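What follows is a set of notes on a single structure, which appears directly below.
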Amino acid sequence: MNLADSDHKHANYDPAQIEAKWQKVWEEQQAFNAVDNDPSRPKYYMLEMLPYPSGTMHMGHMRNYTIGDAVARYKRTRGFNVLHPMGWDAFGLPAENAAIKNGTHPREWTQGNIAEFRHVMRRFGFSYDWRREISTCEPEYYRWNQWLFLRMFEKGIAFRKKSKVNWCPECATVLANEQVIDGYCWRHETTLVEVRELEQWFFRITQYSDELLADMKQLEDGWPERVLAMQRNWIGKSQGARVKFGVVQMDGVAVEVFTTRIDTIYGASALLISAGHPKLDELLTGVPGQGALNAQLKTMRQKSVRAADIALAEKEGFFTGRFAVNPFSGGHVPIWVANFVLAEYGTGAVMCVPAHDERDYEFAEKYHLPVKIVVQPKTGVPLRVDRMSEAFTEYGRVVDSGPYDGLTTEQAQEKMTADAKLKGFGAGETTYRLKDWGVSRQRYWGTPIPIVYCEKDGIVAVPDDQLPVRLPENVTLTGQGQSPLAGSPEFVNTTCPKCGGPARRETDTMDTFVDSSWYFYRYTDPHNSSAPFDKEKVRYWFPIDQYVGGITHAILHLLYSRFFCKVMRDIGLVNHNEPISRLFTQGMVQKGGVAMSKSRGNVVGAIEMADKYGCDTGRLYTLFAAPPEKDLEWSEEAIEGSARFLNKMYRLVSKHAERLRGIQTDLTQQTDLTSATAKEKLLVRKVHQTLKRITNDFEVRWHFNTSVSLLMTLANEIHAQEPLDVELSPMILKRVLEALVLMLSPMAPHIAEELWQMLGHQTSLAREKWPQYREDLAREEQFEVIIQINGRLRGKILVEDDLSEDETLNRALTDPRIAVLIAGKQVTKTVVVSRKLVNIVLR
RNA sequence: GCGGAAGUGGCGGAAUUGGCAGACGCGCCAGCCUUAGGAGCUGGUGGCCGAAAGGCCGUAGGGGUUCGAGUCCCUUCUUCCGCACCA
């Protein structure tokens with residue numbers, strides 16, 4: 001054993017011991033409790049997306065919480081009353097699947113997973129207010145799902161209708177859209193999902209389409225552009241018009257088309273309808289060759305429904321034998337069935353204008369339909385049919401369009417839409433891609449829909465005082481047949497709240513996205529048993545100041561949450577329009593270039609990592625390895641660097657802590673450095689320069705990778721000034737080390753607490769203030785000015801802070817090295833940037 | 001096709017306002033210490049030329065603006081993500 005050096009008397013950095021110690025202290029002190037309605041401090045609501053507890057937690061999960069925790073801790077040091085809660089998205093199909101496979105009850109399975117997740121989060125020391133923990137599968141929570149459902153039912157937002165759903169014949173149940181992968185079942189990769197018609201519950205999100213779109217303006221500063229773009233795309237607003245085309249020799253029959261380019265209607269050379277159009281059979285009746293046409297139709301309908309296939313499929317169609325009447329020109333155009341016309345969008349029929357639509361152009365080329373130009377570009381060479389090689393889809397000036405000739409596209413659209421309405425064959429219309437949200441699920445592990453069906457009274461809401469409608473515990477789960485709840489007579493059979501007669505309960509449960517659409521409100525008042533939350537508490541804490549989560553939820557969860565907020569506002573529960581001010585989407589953690597996942601077998605377990613290196617090292621590495629928005633490649637080699645740094649921190653502080661322990665310091669007090677040594681000035685300066693930049697990283701840039709590197713640099717600089725007991729007063733050294741520890745604390749909180757205590761502090765760092773930045777202490781006394789000749793680096797000089805530009809130039813020109821280089825040449829220009837650079841331009 | 005993001009050493013990445021490209025870390029090389037090292041310390045590490053001093057080249061490619069460009073403008077290419085025959 002040779003440990004006779006000076007470090008021997010200090011124990012080595014032992015993360016396991018330190019981390020357990022401080023987690024216990026924080027818990028005893030309830031250090032991270034958020035205070036409702038604290039008038040003395042500004043509030044800050046820091047939220048990370050709640051996890052679905054399943055399987056083991058790996059480092060891919062932890063990144064989200066590490067980022068959120070660093071910011072939450074930082075904000076506390078800045079004097080904010082921080083609400084930083086955590087909970088569990090605990091309903092969902094995997095629990096049911098596990099139950100079918102292993103015979104465990106979904107509740108048991110879920111609670112086991114929650115216990116595991118909670119354990120890992122505590123092991124990482126995240127600064128949550130655990131008093132506010134919620135779990136969406138508990139009746140205390142889902143009761144309010146039901147309550148909200150009833151309010152929406154009363155307002156007509158929740159409604160029932162027959163609709164097409166995804167049905168997997170293998171599972172014998174309905175699937176959510178996200179469980180359909182390219183037309184196949186996610187559990188049975190070779191089973192095509194069928195479309196069936198079923199009575200289902202829906203939320204009328206389309207009622208808010210325009211508002212959801214318009215309010216994105218408010219989010220432009222705080223949300224990533226790509227998330228907004230994805231939502232905009234998803235809502236898919238499109239302004240146009242419906243126009244009725246009559247059918248020749250079929251009095252009273254008309255086919256309606258939807259178009260955004262009514263101004264091109266004089267260029268229509270056909271009317272195209274989808275193979276699924278409801279009027280198609282009627283149209284085909286009685287035309288010559290009907291049998292052959294029906295056969296073609298059948299073939300077309302049987303073609304794959306996979307979205308990817310449809311997009312790539314060649315355009316195909318056939319003539320129906322019928323003609324339509326263009327209501328503007330009176331001209332007759334053939335009616336074709338075309339495979340690229342979508343039945344579900346618009347009216348399921350379009351006009352074919354080859355000259356001004358790419359798809360129509362392609363179709364017309366293949367089937368030799370006429371091309372007629374009716375819009376000319378406003379400037380440049382006029383179009384000619386015989387020189388056209390592609391459609392002209394831009395706006396321009398209308399030609400060959402009867403009374404509308406000469407109008408601009410915009411004018412023609414307005415006038416033609418108005419005329420169509422006047423003459424009764426059309427009207428302006430706005431369509432959306434967004435559809436109403438189907439929330440019924442034929443599953444067990446979800447919130448029961450609080451509705452009763454009575455022979456006499458029909459659809460009856462369960463009264464509020466009978467909530468929650470509890471999930472029965474004894475249910476057989478087979479994964480087959482209809483909703484599992486239907487197999488539970490004691491659940492199904494009930495009495496009608498209105499007439500008292502026999503009635504049946506709704507046996508579908510709610511989509512689990514309902515649970516997560518408003519959970520963040522519940523955190524403000526998690527134990528309220530008379531309302532989903534207290535309005536005043538929500539008024540105090542909302543909106544969420546910062547939300548952090550994965551990009552995978554860019555549309556569904558975040559759009560539904562925005563929708564719920566607006567519904568809740570209209571119900572009178574909240575008084576804001578948008579629930580989330582700022583959104584941050586962190587990148588994924590990868591191993592071997594792909595996202596960590598159990599199925600890939602490339603996970604780094606969070607507990608294993610913490611046991612090996614300590615959670616502080618894991619947190620630090622997670623922040624250091626990449627800026628938070630980028631994907632992060634987990635490297636077992638690179639993490640050693642973060643471990644080494646924390647070891648270095650521990651050695652650096654523990655080496656000097658003993659003699660500094662009794663020294664009094666105050667980081668905010670005035671400092672007079674006029675008589676300080678060069679070493680002291682240098683260290684204080686470095687601290688304040690670092691402080692400025694790290695503060696900016698937290699406040700503005702959100703690039704914690706550079707924060708970590710700045711701390712490493714500062715630690716290196718302090719170490720480089722060894723011996724630290726020479727020409728350095730203990731008080732200044734202590735303050736330097738304290739600042740270093742404080743700046744480390746949001747990122748590696750356990751070791752920071754330990755070092756803080758080592759330096760003689762009795763109280764936890766969790767309540768400590770961020771150091772006060774001082775410009776005067778950060779200021780350099782001398783500056784290195786670079787000298788360029790023709791923009792190329794040729795020398796450097798040291799100058800004092802207050803040196804004038806003229807004098808700086810003079811020094812540069814007389815620098816011996818520079819003087820040689822410019823001797824005999826003509827200086828045509830000089831550029832001086834004070835304290836930075838001199839550029840001498842020679843001819 | 002539309003929309004979004006990005007392209008910098010062997011690797012992760014830095015350069016915040018147009019001003020020393022490659023901070024910090026990994027890896028690698030050399031040395032010290034050590035019975036030993038998955039410990040620690042010191043130094044080096046973009047490419048080319050050179051003994052060195054130093055020089056030249058270099059931020060996906062090309063062009064431009066500027067005293068000066070990774071950064072601004074134009075253009076081409078590549079990669080990733082989302083949407084996708086939405087009329």
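Chain labels follow the order of the structure tokens: the first chain is A, the next B, and so on; residue numbering restarts at 1 in every chain, and ligands are counted from 1 in their shown order.
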- Item | Interface residues on chain A facing chain B, 6 Å, only C-alpha atoms (C1' of nucleotides), written as a ChimeraX atom specification | /A:226,259,340,625,638,709,791
- Task: Go through segment 647-719 of chain A and collect every residue that DSSP, computed from the backbone, puts in alpha helix (DSSP H); the answer should be as a VMD selection string.
- Result: chain A and resid 647 to 660 678 to 696 704 to 719
- Task: Skip segment 553-560 of chain A itself and residues of its chain fewer than 6 positions away, then list as a list in words all residues within 9 Å of it, counting only C-alpha atoms (C1' of nucleotides).
- Result: Ile205, Leu212, Arg226, Val227, Leu228, Met230, Gln231, Trp234, Trp437, Phe513, Val514, Ser516, Ser517, Trp518 and Thr585 of chain A
Go ahead and save the residues from that selection, with all heavy atoms, as a compact mmCIF listing (two decimals), in the first residue's frame.
```
# COMPACT_ATOMS: atom_id res chain seq x y z
N ILE A 205 -63.31 17.39 -31.65
CA ILE A 205 -62.13 18.26 -31.71
C ILE A 205 -62.20 19.17 -32.93
O ILE A 205 -61.66 20.27 -32.93
CB ILE A 205 -60.82 17.41 -31.71
CG1 ILE A 205 -59.58 18.31 -31.53
CG2 ILE A 205 -60.69 16.56 -32.97
CD1 ILE A 205 -58.29 17.54 -31.30
N LEU A 212 -57.44 25.91 -32.83
CA LEU A 212 -56.19 25.19 -32.62
C LEU A 212 -55.12 25.67 -33.60
O LEU A 212 -53.94 25.74 -33.28
CB LEU A 212 -56.40 23.68 -32.78
CG LEU A 212 -57.16 23.01 -31.63
CD1 LEU A 212 -57.63 21.62 -32.02
CD2 LEU A 212 -56.28 22.94 -30.38
N ARG A 226 -40.83 22.86 -35.76
CA ARG A 226 -41.25 21.63 -36.45
C ARG A 226 -42.48 21.00 -35.80
O ARG A 226 -43.27 20.35 -36.47
CB ARG A 226 -40.11 20.63 -36.55
CG ARG A 226 -39.62 20.08 -35.26
CD ARG A 226 -38.65 18.96 -35.56
NE ARG A 226 -37.98 18.52 -34.37
CZ ARG A 226 -37.46 17.32 -34.22
NH1 ARG A 226 -37.51 16.45 -35.20
NH2 ARG A 226 -36.86 16.98 -33.12
N VAL A 227 -42.64 21.21 -34.49
CA VAL A 227 -43.84 20.69 -33.84
C VAL A 227 -45.06 21.45 -34.35
O VAL A 227 -46.09 20.85 -34.68
CB VAL A 227 -43.72 20.79 -32.31
CG1 VAL A 227 -45.04 20.41 -31.65
CG2 VAL A 227 -42.60 19.91 -31.80
N LEU A 228 -44.92 22.75 -34.43
CA LEU A 228 -46.02 23.56 -34.95
C LEU A 228 -46.33 23.18 -36.39
O LEU A 228 -47.50 23.07 -36.78
CB LEU A 228 -45.68 25.05 -34.84
CG LEU A 228 -45.51 25.57 -33.41
CD1 LEU A 228 -45.09 27.04 -33.43
CD2 LEU A 228 -46.78 25.40 -32.60
N MET A 230 -45.87 20.31 -37.80
CA MET A 230 -46.52 19.01 -37.83
C MET A 230 -48.00 19.14 -37.43
O MET A 230 -48.87 18.49 -38.02
CB MET A 230 -45.80 18.03 -36.89
CG MET A 230 -44.51 17.48 -37.48
SD MET A 230 -43.38 16.80 -36.24
CE MET A 230 -44.05 15.18 -36.02
N GLN A 231 -48.28 19.97 -36.45
CA GLN A 231 -49.67 20.15 -36.05
C GLN A 231 -50.48 20.86 -37.14
O GLN A 231 -51.62 20.50 -37.41
CB GLN A 231 -49.75 20.94 -34.73
CG GLN A 231 -49.21 20.16 -33.55
CD GLN A 231 -49.80 20.57 -32.21
OE1 GLN A 231 -50.62 21.48 -32.13
NE2 GLN A 231 -49.39 19.91 -31.17
N TRP A 234 -51.26 18.43 -39.71
CA TRP A 234 -52.23 17.46 -39.22
C TRP A 234 -53.65 18.04 -39.27
O TRP A 234 -54.59 17.36 -39.65
CB TRP A 234 -51.88 17.07 -37.79
CG TRP A 234 -52.70 15.96 -37.22
CD1 TRP A 234 -53.79 16.11 -36.43
CD2 TRP A 234 -52.52 14.56 -37.41
NE1 TRP A 234 -54.31 14.88 -36.09
CE2 TRP A 234 -53.54 13.91 -36.69
CE3 TRP A 234 -51.60 13.79 -38.12
CZ2 TRP A 234 -53.66 12.52 -36.65
CZ3 TRP A 234 -51.72 12.40 -38.07
CH2 TRP A 234 -52.74 11.80 -37.35
N TRP A 437 -62.12 12.92 -32.75
CA TRP A 437 -61.27 11.99 -32.01
C TRP A 437 -62.11 10.83 -31.48
O TRP A 437 -62.94 11.02 -30.61
CB TRP A 437 -60.60 12.80 -30.89
CG TRP A 437 -59.77 12.03 -29.91
CD1 TRP A 437 -59.34 10.74 -29.99
CD2 TRP A 437 -59.27 12.54 -28.67
NE1 TRP A 437 -58.61 10.42 -28.89
CE2 TRP A 437 -58.54 11.49 -28.06
CE3 TRP A 437 -59.36 13.77 -28.02
CZ2 TRP A 437 -57.92 11.66 -26.83
CZ3 TRP A 437 -58.73 13.93 -26.81
CH2 TRP A 437 -58.02 12.88 -26.22
N PHE A 513 -55.17 8.41 -24.20
CA PHE A 513 -54.75 9.80 -24.45
C PHE A 513 -55.64 10.80 -23.71
O PHE A 513 -55.25 11.93 -23.49
CB PHE A 513 -54.75 10.11 -25.95
CG PHE A 513 -53.47 9.73 -26.63
CD1 PHE A 513 -53.43 8.67 -27.51
CD2 PHE A 513 -52.30 10.44 -26.39
CE1 PHE A 513 -52.25 8.30 -28.14
CE2 PHE A 513 -51.11 10.09 -27.01
CZ PHE A 513 -51.09 9.01 -27.89
N VAL A 514 -56.85 10.34 -23.34
CA VAL A 514 -57.70 11.21 -22.52
C VAL A 514 -57.02 11.49 -21.18
O VAL A 514 -56.98 12.62 -20.71
CB VAL A 514 -59.09 10.56 -22.31
CG1 VAL A 514 -59.93 11.40 -21.35
CG2 VAL A 514 -59.82 10.38 -23.64
N SER A 516 -53.93 11.59 -20.36
CA SER A 516 -52.74 12.45 -20.40
C SER A 516 -53.04 13.83 -20.98
O SER A 516 -52.15 14.66 -21.08
CB SER A 516 -51.63 11.78 -21.21
OG SER A 516 -52.10 11.41 -22.48
N SER A 517 -54.30 14.08 -21.35
CA SER A 517 -54.62 15.37 -21.95
C SER A 517 -54.81 16.48 -20.92
O SER A 517 -54.86 17.64 -21.27
CB SER A 517 -55.89 15.26 -22.79
OG SER A 517 -55.65 14.46 -23.92
N TRP A 518 -54.96 16.09 -19.67
CA TRP A 518 -55.18 17.13 -18.66
C TRP A 518 -54.49 16.85 -17.33
O TRP A 518 -54.66 17.58 -16.37
CB TRP A 518 -56.69 17.29 -18.41
CG TRP A 518 -57.32 16.11 -17.74
CD1 TRP A 518 -57.69 14.94 -18.31
CD2 TRP A 518 -57.60 15.98 -16.34
NE1 TRP A 518 -58.19 14.07 -17.36
CE2 TRP A 518 -58.15 14.70 -16.13
CE3 TRP A 518 -57.44 16.83 -15.23
CZ2 TRP A 518 -58.53 14.22 -14.89
CZ3 TRP A 518 -57.83 16.36 -13.98
CH2 TRP A 518 -58.37 15.07 -13.82
N THR A 585 -38.27 19.67 -27.04
CA THR A 585 -38.26 18.26 -27.41
C THR A 585 -36.82 17.78 -27.45
O THR A 585 -36.03 18.23 -28.28
CB THR A 585 -38.91 18.05 -28.78
OG1 THR A 585 -38.33 18.96 -29.72
CG2 THR A 585 -40.39 18.30 -28.72
```
- Message: Given only C-alpha atoms (C1' of nucleotides) as the basis, pick out the residue of B:A6, B:C48, B:A69, B:A60 nearest to A21 of chain B.
- Response: B:A69
